[in-house]
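Okay, protein-v5.cif is below, mmCIF, C-alpha atoms and all ligand atoms:
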data_my_file
loop_
_atom_site.label_atom_id
_atom_site.label_comp_id
_atom_site.auth_asym_id
_atom_site.auth_seq_id
_atom_site.Cartn_x
_atom_site.Cartn_y
_atom_site.Cartn_z
CA ALA A 1 -12.03 17.85 10.52
CA ALA A 2 -12.50 14.74 12.64
CA SER A 3 -11.16 13.64 16.02
CA ILE A 4 -9.17 10.42 16.31
CA THR A 5 -9.38 8.28 19.43
CA LEU A 6 -7.07 5.37 20.08
CA GLN A 7 -8.11 3.18 23.03
CA ASP A 8 -5.77 0.49 24.40
CA VAL A 9 -4.40 -0.14 20.94
CA GLY A 10 -1.71 -2.77 20.53
CA LYS A 11 0.17 -4.36 17.66
CA THR A 12 2.18 -7.55 17.79
CA TYR A 13 3.66 -8.49 14.42
CA PRO A 14 3.40 -12.11 13.26
CA ASP A 15 7.04 -12.72 14.22
CA GLY A 16 6.21 -11.86 17.84
CA THR A 17 7.58 -8.29 17.88
CA VAL A 18 5.46 -6.18 20.20
CA ALA A 19 5.67 -2.89 18.30
CA VAL A 20 2.94 -1.22 20.37
CA GLY A 21 1.91 -2.60 23.76
CA ASP A 22 -1.01 -0.53 24.97
CA PHE A 23 -1.49 2.89 23.46
CA SER A 24 -4.24 5.42 24.07
CA LEU A 25 -4.47 8.92 22.67
CA GLU A 26 -7.12 11.49 21.90
CA VAL A 27 -6.27 13.59 18.84
CA ARG A 28 -8.50 16.66 18.75
CA ALA A 29 -10.24 17.76 15.60
CA GLY A 30 -8.31 20.41 13.67
CA GLU A 31 -5.09 19.93 15.60
CA LEU A 32 -1.70 18.78 14.43
CA THR A 33 -0.40 16.10 16.78
CA VAL A 34 3.22 15.06 16.47
CA LEU A 35 4.41 11.57 17.44
CA ILE A 36 8.06 11.70 18.41
CA GLY A 37 10.36 9.12 19.95
CA PRO A 38 13.35 6.89 19.25
CA SER A 39 13.60 4.78 16.12
CA GLY A 40 11.59 1.58 16.44
CA CYS A 41 9.27 2.81 19.21
CA GLY A 42 6.15 2.15 17.13
CA LYS A 43 5.35 5.53 15.55
CA SER A 44 4.86 4.27 11.99
CA THR A 45 2.95 1.27 13.26
CA ILE A 46 0.47 3.59 14.99
CA LEU A 47 -0.03 5.66 11.82
CA ARG A 48 -0.45 2.58 9.69
CA MET A 49 -3.10 1.24 12.04
CA ILE A 50 -5.08 4.47 11.71
CA ASN A 51 -5.35 4.07 7.94
CA ARG A 52 -5.61 0.28 8.23
CA LEU A 53 -2.57 -0.56 6.21
CA ILE A 54 -2.11 -2.92 9.16
CA GLU A 55 -4.61 -4.24 11.68
CA PRO A 56 -4.22 -3.73 15.42
CA THR A 57 -4.03 -6.91 17.49
CA LYS A 58 -6.11 -5.21 20.17
CA GLY A 59 -7.94 -2.04 21.02
CA THR A 60 -10.28 0.40 19.36
CA ILE A 61 -9.71 3.26 16.92
CA LEU A 62 -12.44 5.83 16.47
CA LEU A 63 -12.70 8.43 13.75
CA ASP A 64 -15.18 11.06 14.88
CA GLY A 65 -16.53 8.53 17.35
CA GLN A 66 -16.98 5.76 14.76
CA ASP A 67 -15.08 2.49 14.90
CA ILE A 68 -12.79 2.34 11.86
CA LEU A 69 -12.25 -1.39 12.30
CA LYS A 70 -15.85 -1.91 11.21
CA ARG A 71 -15.33 -0.08 7.94
CA ASN A 72 -14.06 -1.28 4.60
CA PRO A 73 -10.32 -0.42 4.62
CA VAL A 74 -10.19 0.61 0.96
CA GLU A 75 -13.18 2.91 1.37
CA LEU A 76 -11.78 4.27 4.64
CA ARG A 77 -8.44 5.19 3.03
CA ARG A 78 -10.19 7.49 0.60
CA HIS A 79 -11.01 9.70 3.59
CA ILE A 80 -7.50 9.58 5.02
CA GLY A 81 -4.66 11.46 3.39
CA TYR A 82 -1.31 9.76 3.80
CA VAL A 83 2.10 11.29 3.12
CA ILE A 84 5.32 9.30 3.48
CA GLN A 85 9.02 10.13 3.26
CA ASN A 86 9.51 9.41 -0.43
CA VAL A 87 5.96 10.18 -1.50
CA GLY A 88 5.54 7.32 -3.94
CA LEU A 89 4.10 9.28 -6.84
CA PHE A 90 3.23 7.22 -9.89
CA PRO A 91 6.29 7.78 -12.13
CA HIS A 92 4.46 7.45 -15.45
CA GLN A 93 1.65 9.83 -14.55
CA LYS A 94 1.81 13.58 -14.76
CA ILE A 95 1.66 15.63 -11.60
CA GLY A 96 -1.96 16.61 -12.23
CA ALA A 97 -3.00 12.97 -12.60
CA ASN A 98 -1.06 12.01 -9.49
CA ILE A 99 -2.89 14.62 -7.46
CA GLY A 100 -6.18 13.43 -8.94
CA THR A 101 -5.71 9.77 -7.92
CA VAL A 102 -8.31 9.64 -5.17
CA PRO A 103 -10.83 12.06 -6.78
CA LYS A 104 -10.76 9.85 -9.90
CA LEU A 105 -11.45 6.80 -7.76
CA LEU A 106 -14.36 8.69 -6.26
CA GLY A 107 -15.75 9.20 -9.76
CA TRP A 108 -15.26 12.94 -10.14
CA ASP A 109 -15.46 14.07 -13.78
CA ARG A 110 -12.26 15.11 -15.55
CA ALA A 111 -12.87 18.84 -15.46
CA ARG A 112 -13.45 18.77 -11.72
CA VAL A 113 -10.38 16.61 -11.11
CA ARG A 114 -8.22 19.00 -13.14
CA ALA A 115 -9.58 22.10 -11.45
CA ARG A 116 -8.97 20.50 -8.05
CA ALA A 117 -5.39 19.55 -9.00
CA ASP A 118 -4.67 23.13 -10.04
CA GLU A 119 -6.20 24.47 -6.85
CA LEU A 120 -4.04 22.13 -4.77
CA LEU A 121 -0.86 22.93 -6.68
CA ASP A 122 -1.50 26.56 -5.92
CA LEU A 123 -2.10 25.79 -2.26
CA VAL A 124 1.25 24.00 -1.90
CA GLY A 125 3.11 26.78 -3.68
CA LEU A 126 3.63 25.28 -7.14
CA ASP A 127 2.49 27.20 -10.21
CA PRO A 128 -0.16 24.94 -11.82
CA ALA A 129 0.58 26.05 -15.39
CA ARG A 130 4.20 25.15 -14.90
CA TYR A 131 3.92 21.88 -13.02
CA ARG A 132 0.65 20.10 -13.80
CA ASP A 133 1.97 18.40 -16.94
CA ARG A 134 5.38 17.45 -15.65
CA TYR A 135 6.39 13.98 -14.55
CA PRO A 136 7.59 13.29 -11.01
CA HIS A 137 11.24 12.87 -12.06
CA GLU A 138 11.18 16.42 -13.42
CA LEU A 139 10.68 17.84 -9.93
CA SER A 140 13.05 18.31 -7.01
CA GLY A 141 12.65 16.22 -3.87
CA GLY A 142 11.03 19.11 -2.02
CA GLN A 143 8.63 19.76 -4.89
CA ARG A 144 7.66 16.10 -4.94
CA GLN A 145 6.87 16.26 -1.23
CA ARG A 146 4.60 19.24 -1.93
CA VAL A 147 2.83 17.19 -4.58
CA GLY A 148 2.51 14.39 -2.04
CA VAL A 149 0.77 16.77 0.35
CA ALA A 150 -1.44 18.04 -2.48
CA ARG A 151 -2.40 14.49 -3.45
CA ALA A 152 -3.20 13.59 0.15
CA LEU A 153 -5.52 16.61 0.43
CA ALA A 154 -7.17 16.26 -2.97
CA ALA A 155 -10.44 14.66 -1.94
CA ASP A 156 -10.70 16.76 1.22
CA PRO A 157 -9.90 13.92 3.64
CA LEU A 158 -11.15 13.85 7.21
CA VAL A 159 -7.61 13.50 8.51
CA LEU A 160 -4.06 13.69 7.24
CA LEU A 161 -1.36 11.24 8.34
CA MET A 162 2.25 12.15 7.67
CA ASP A 163 5.21 9.83 8.26
CA GLU A 164 8.45 11.83 8.28
CA PRO A 165 7.15 13.90 5.37
CA PHE A 166 10.09 16.29 5.14
CA SER A 167 13.01 14.24 6.42
CA ALA A 168 14.36 13.18 3.00
CA VAL A 169 14.61 16.82 1.91
CA ASP A 170 17.77 18.88 2.40
CA PRO A 171 17.78 21.15 5.49
CA ILE A 172 17.19 24.43 3.65
CA ALA A 173 14.30 23.12 1.57
CA ARG A 174 12.96 21.45 4.71
CA GLY A 175 12.78 24.75 6.59
CA ARG A 176 10.90 26.31 3.73
CA LEU A 177 8.53 23.36 3.46
CA GLN A 178 7.79 23.51 7.17
CA GLU A 179 7.05 27.21 6.96
CA GLU A 180 4.72 26.73 4.01
CA PHE A 181 3.10 23.78 5.68
CA LEU A 182 2.23 25.93 8.70
CA LYS A 183 0.44 28.37 6.41
CA LEU A 184 -1.34 25.55 4.64
CA GLN A 185 -2.52 24.09 7.95
CA ALA A 186 -3.76 27.51 9.07
CA ALA A 187 -5.80 27.63 5.86
CA VAL A 188 -7.23 24.09 5.80
CA ARG A 189 -7.22 23.18 9.52
CA LYS A 190 -7.07 19.42 9.13
CA THR A 191 -6.71 16.92 11.91
CA ILE A 192 -3.13 15.80 11.36
CA VAL A 193 -0.96 13.14 12.92
CA MET A 194 2.66 13.55 11.96
CA VAL A 195 5.57 11.27 12.78
CA THR A 196 9.01 12.80 13.08
CA HIS A 197 12.27 12.23 14.92
CA ASP A 198 13.19 15.91 14.58
CA ILE A 199 12.44 17.78 17.81
CA ASP A 200 12.74 21.19 16.13
CA GLU A 201 10.17 20.16 13.56
CA ALA A 202 7.89 18.82 16.30
CA VAL A 203 8.04 22.09 18.23
CA ARG A 204 7.62 24.19 15.12
CA LEU A 205 4.64 22.38 13.64
CA GLY A 206 2.89 20.59 16.48
CA ASP A 207 -0.15 21.89 18.33
CA ARG A 208 0.48 18.97 20.66
CA ILE A 209 3.39 16.58 20.97
CA ALA A 210 3.13 12.94 22.01
CA VAL A 211 6.46 11.68 23.30
CA LEU A 212 6.78 7.91 22.93
CA ALA A 213 9.18 5.35 24.30
CA GLU A 214 9.89 1.75 23.30
CA GLY A 215 6.75 -0.31 22.66
CA GLY A 216 4.68 2.80 21.99
CA ARG A 217 4.61 3.79 25.66
CA LEU A 218 3.24 7.32 25.92
CA GLN A 219 5.48 9.46 28.12
CA GLN A 220 3.95 12.88 27.64
CA TYR A 221 1.24 14.53 25.59
CA ALA A 222 1.18 18.30 25.70
CA PRO A 223 1.56 21.48 23.65
CA PRO A 224 5.21 22.30 22.84
CA ALA A 225 5.39 25.22 25.29
CA GLU A 226 4.35 22.98 28.18
CA LEU A 227 6.83 20.26 27.28
CA LEU A 228 9.68 22.74 27.05
CA SER A 229 8.89 24.32 30.41
CA ARG A 230 9.11 21.01 32.28
P1 LIG A 301 9.16 3.74 14.36
O1 LIG A 301 8.23 4.24 13.31
O2 LIG A 301 8.97 4.40 15.68
O3 LIG A 301 10.60 3.74 13.95
P2 LIG A 301 7.98 1.16 13.75
O4 LIG A 301 6.54 1.30 14.01
O5 LIG A 301 8.44 1.20 12.36
O6 LIG A 301 8.77 2.21 14.65
O7 LIG A 301 8.48 -0.23 14.35
C1 LIG A 301 8.17 -0.62 15.70
C2 LIG A 301 8.79 -1.98 15.97
O8 LIG A 301 8.13 -2.96 15.17
C3 LIG A 301 10.26 -2.10 15.63
O9 LIG A 301 10.86 -2.96 16.56
C4 LIG A 301 10.25 -2.72 14.25
O10 LIG A 301 11.43 -3.43 14.02
C5 LIG A 301 9.05 -3.64 14.33
N1 LIG A 301 8.39 -3.86 13.03
C6 LIG A 301 7.94 -2.93 12.16
N2 LIG A 301 7.35 -3.50 11.11
C7 LIG A 301 7.44 -4.84 11.31
C8 LIG A 301 7.01 -5.99 10.58
N3 LIG A 301 6.37 -5.87 9.42
N4 LIG A 301 7.28 -7.21 11.10
C9 LIG A 301 7.92 -7.33 12.27
N5 LIG A 301 8.34 -6.30 13.02
C10 LIG A 301 8.10 -5.08 12.56
P1 LIG A 302 -5.08 1.72 -6.44
O1 LIG A 302 -4.76 0.59 -5.50
O2 LIG A 302 -6.35 1.52 -7.18
O3 LIG A 302 -3.95 2.08 -7.32
P2 LIG A 302 -5.35 3.36 -4.05
O4 LIG A 302 -6.55 4.18 -3.74
O5 LIG A 302 -5.16 2.16 -3.21
O6 LIG A 302 -5.35 3.05 -5.61
O7 LIG A 302 -4.09 4.29 -3.85
C1 LIG A 302 -3.53 4.98 -4.87
C2 LIG A 302 -2.18 5.45 -4.40
O8 LIG A 302 -2.33 6.45 -3.43
C3 LIG A 302 -1.35 4.35 -3.81
O9 LIG A 302 -0.05 4.43 -4.35
C4 LIG A 302 -1.31 4.63 -2.34
O10 LIG A 302 -0.02 4.41 -1.82
C5 LIG A 302 -1.63 6.09 -2.25
N1 LIG A 302 -2.52 6.43 -1.15
C6 LIG A 302 -3.47 7.39 -1.18
N2 LIG A 302 -4.09 7.50 -0.02
C7 LIG A 302 -3.57 6.57 0.77
C8 LIG A 302 -3.78 6.17 2.11
N3 LIG A 302 -4.68 6.75 2.87
N4 LIG A 302 -3.06 5.18 2.59
C9 LIG A 302 -2.13 4.59 1.83
N5 LIG A 302 -1.85 4.93 0.58
C10 LIG A 302 -2.56 5.90 0.06
#

Please express what this file holds, its structure, as structure tokens.
Ligand code: ADP
Ligand code: ADP
Amino acid sequence: AASITLQDVGKTYPDGTVAVGDFSLEVRAGELTVLIGPSGCGKSTILRMINRLIEPTKGTILLDGQDILKRNPVELRRHIGYVIQNVGLFPHQKIGANIGTVPKLLGWDRARVRARADELLDLVGLDPARYRDRYPHELSGGQRQRVGVARALAADPLVLLMDEPFSAVDPIARGRLQEEFLKLQAAVRKTIVMVTHDIDEAVRLGDRIAVLAEGGRLQQYAPPAELLSR
């Protein structure tokens, strides 16, 4: 697992919107940090800068001490797992192939890709024999989110970024997903940054919670127990 350091990071969109003014945060290796705050406060923008889907207008982002802005974005993304609300699985590819997307890009041979997909399905609580050859539309929303997590972990990324990963799932399935995700994190111990607007989810899953206000202003950054006792 790698640490992530954001130093004086800002993002102004081309239309002049200052999504993030001046944001600094130190995400420790192996911890799950939650970004929480009102809609539009810049949470997704921060995540998307870490995997370079968008470029910061100022500041520095370090991954294990190395400046990510000096790396090739496409290459960088292969080391960053990314899970979004409606996963975005390839509809015409089977679940196994979807999970193997990044390993295939990395040139793994077919047998290794398949074995890894099965291993990951198991890890996220889906029976490989039953699910590897299905298509995304043959799964429930919650199952698709599990596959999204499996795909993001497939090539053993340095960090995992999750943008409201469970919020499109119904409340009962969500509770179960959160519970399973806690077990998964205990097993793999990734550095994770997760965006949510659900305070219960933040408290349940976060090792540390960053509370943001408009413009990405950091209000607090502490473990859940400390936040709750204030
Ligand atoms: P959050 O994830 O906290 O809801 P976002 O990072 O999505 O917030 O958005 C932060 C601010 O930037 C909002 O005011 C939003 O409208 C604006 N924004 C997001 N994406 C763009 C874009 N591509 N162009 C212009 N403004 C944007
Ligand atoms: P290609 O562009 O060759 O299809 P990519 O490596 O760009 O393949 O990504 C394959 C799929 O995986 C895309 O749909 C993308 O959304 C998703 N993906 C995997 N990892 C990331 C990441 N770190 N950031 C954004 N998308 C990712």

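Each of A:Ala210, A:Ile95, A:Ile54, A:Ala111 was compared to A:Glu138 using only C-alpha atoms, and A:Ile95 turns out to be the nearest.
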
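Pairwise distance (atom CA of A:Leu153, atom CA of A:Ala1) equals 12.1 Å.
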
Check which residues of chain A sit at most 8 Å from ligand LIG 301 (chain A) using all atoms listed in the file, and return one row each with the closest pair of atoms and their distance in Å to one decimal, ordered by chain and rising number, as a tab-separated table.
residue	atom	partner	partner_atom	distance
A:Thr12	CA	A:LIG301	N5	7.9
A:Tyr13	CA	A:LIG301	C9	4.9
A:Pro14	CA	A:LIG301	N4	6.6
A:Asp15	CA	A:LIG301	C9	5.8
A:Gly16	CA	A:LIG301	C9	7.4
A:Thr17	CA	A:LIG301	N5	5.3
A:Val18	CA	A:LIG301	O8	6.5
A:Ala19	CA	A:LIG301	O8	4.0
A:Val20	CA	A:LIG301	C1	7.0
A:Ile36	CA	A:LIG301	O2	7.8
A:Gly37	CA	A:LIG301	O2	6.5
A:Pro38	CA	A:LIG301	O2	6.2
A:Ser39	CA	A:LIG301	O3	3.8
A:Gly40	CA	A:LIG301	O6	3.4
A:Cys41	CA	A:LIG301	O2	3.9
A:Gly42	CA	A:LIG301	O4	3.3
A:Lys43	CA	A:LIG301	O2	3.8
A:Ser44	CA	A:LIG301	O1	3.6
A:Thr45	CA	A:LIG301	O4	3.7
A:Ile46	CA	A:LIG301	O4	6.6
A:Val195	CA	A:LIG301	O1	7.5
A:Gly215	CA	A:LIG301	C1	7.1
A:Gly216	CA	A:LIG301	O2	7.8

As a tab-separated table (two decimals) with C-alpha atoms, in the coordinates of the input, please: every protein or nucleic acid residue near ligand LIG 302 (chain A) (cut-off 9 Å, counting all atoms listed in the file).
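Result file pocket_36.tsv:
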chain	number	residue	atom	x	y	z
A	48	ARG	CA	-0.45	2.58	9.69
A	51	ASN	CA	-5.35	4.07	7.94
A	52	ARG	CA	-5.61	0.28	8.23
A	53	LEU	CA	-2.57	-0.56	6.21
A	74	VAL	CA	-10.19	0.61	0.96
A	75	GLU	CA	-13.18	2.91	1.37
A	76	LEU	CA	-11.78	4.27	4.64
A	77	ARG	CA	-8.44	5.19	3.03
A	78	ARG	CA	-10.19	7.49	0.60
A	79	HIS	CA	-11.01	9.70	3.59
A	80	ILE	CA	-7.50	9.58	5.02
A	81	GLY	CA	-4.66	11.46	3.39
A	82	TYR	CA	-1.31	9.76	3.80
A	83	VAL	CA	2.10	11.29	3.12
A	84	ILE	CA	5.32	9.30	3.48
A	87	VAL	CA	5.96	10.18	-1.50
A	88	GLY	CA	5.54	7.32	-3.94
A	89	LEU	CA	4.10	9.28	-6.84
A	90	PHE	CA	3.23	7.22	-9.89
A	98	ASN	CA	-1.06	12.01	-9.49
A	101	THR	CA	-5.71	9.77	-7.92
A	102	VAL	CA	-8.31	9.64	-5.17
A	105	LEU	CA	-11.45	6.80	-7.76
A	151	ARG	CA	-2.40	14.49	-3.45
A	152	ALA	CA	-3.20	13.59	0.15
A	157	PRO	CA	-9.90	13.92	3.64
A	160	LEU	CA	-4.06	13.69	7.24
A	161	LEU	CA	-1.36	11.24	8.34

* Return the single residue from A:Ala97, A:Val188, A:Leu218, A:Met49 that is closest to A:Arg114, with distances computed using all atoms listed in the file. =>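 When distances to A:Arg114 are compared using all atoms listed in the file, the smallest one comes from A:Ala97.
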
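By chain and then residue number, the residues within 12 Å of A:Gln220 are Ser24, Leu25, Val34, Leu35, Ile36, Gly37, Arg208, Ile209, Ala210, Val211, Leu212, Ala213, Gly216, Arg217, Pro223, Pro224, Glu226, Leu227, Leu228 and Arg230 of chain A, counting all atoms listed in the file and disregarding those fewer than 3 positions away in sequence.
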
* **Protein and nucleic acid residues near (13.0, 23.3, 8.0) (cut-off 12 Å, all atoms listed in the file) as a PyMOL selection string** => chain A and resi 142+165-182+198-205

* If you count only C-alpha atoms, which residues fall within 7 Å of A:Gly96, apart from same-chain ones fewer than 4 positions away, as number ranges by chain? -> A: 100, 114, 117, 132-133

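Note that atom CA of A:Ala154 and atom CA of A:Gly141 are 19.8 Å apart.
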
* To one decimal in Å, tell me the separation between atom CA of A:Leu6 and atom CA of A:Ser229. =>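 One can read the atom CA of A:Leu6 to atom CA of A:Ser229 distance as 26.8 Å.
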
* To do: Pull the neighbourhood of (1.0, 10.2, -20.3) for me: all residues within 9 Å in file coordinates, counting all atoms listed in the file, as a PyMOL selection string.
  => chain A and resi 92-94+133+135

* Asked: Which residue gives the smallest distance to A:Leu158 among A:Val193, A:Val113, A:Asp8, A:Gly21, with all atoms listed in the file counted?
  -> A:Val193

* Close residues, A:Leu62 itself excluded, 10 Å, all atoms listed in the file, min 2 positions apart in chain, as a PyMOL selection string -> chain A and resi 2-7+26+50+60+64-70
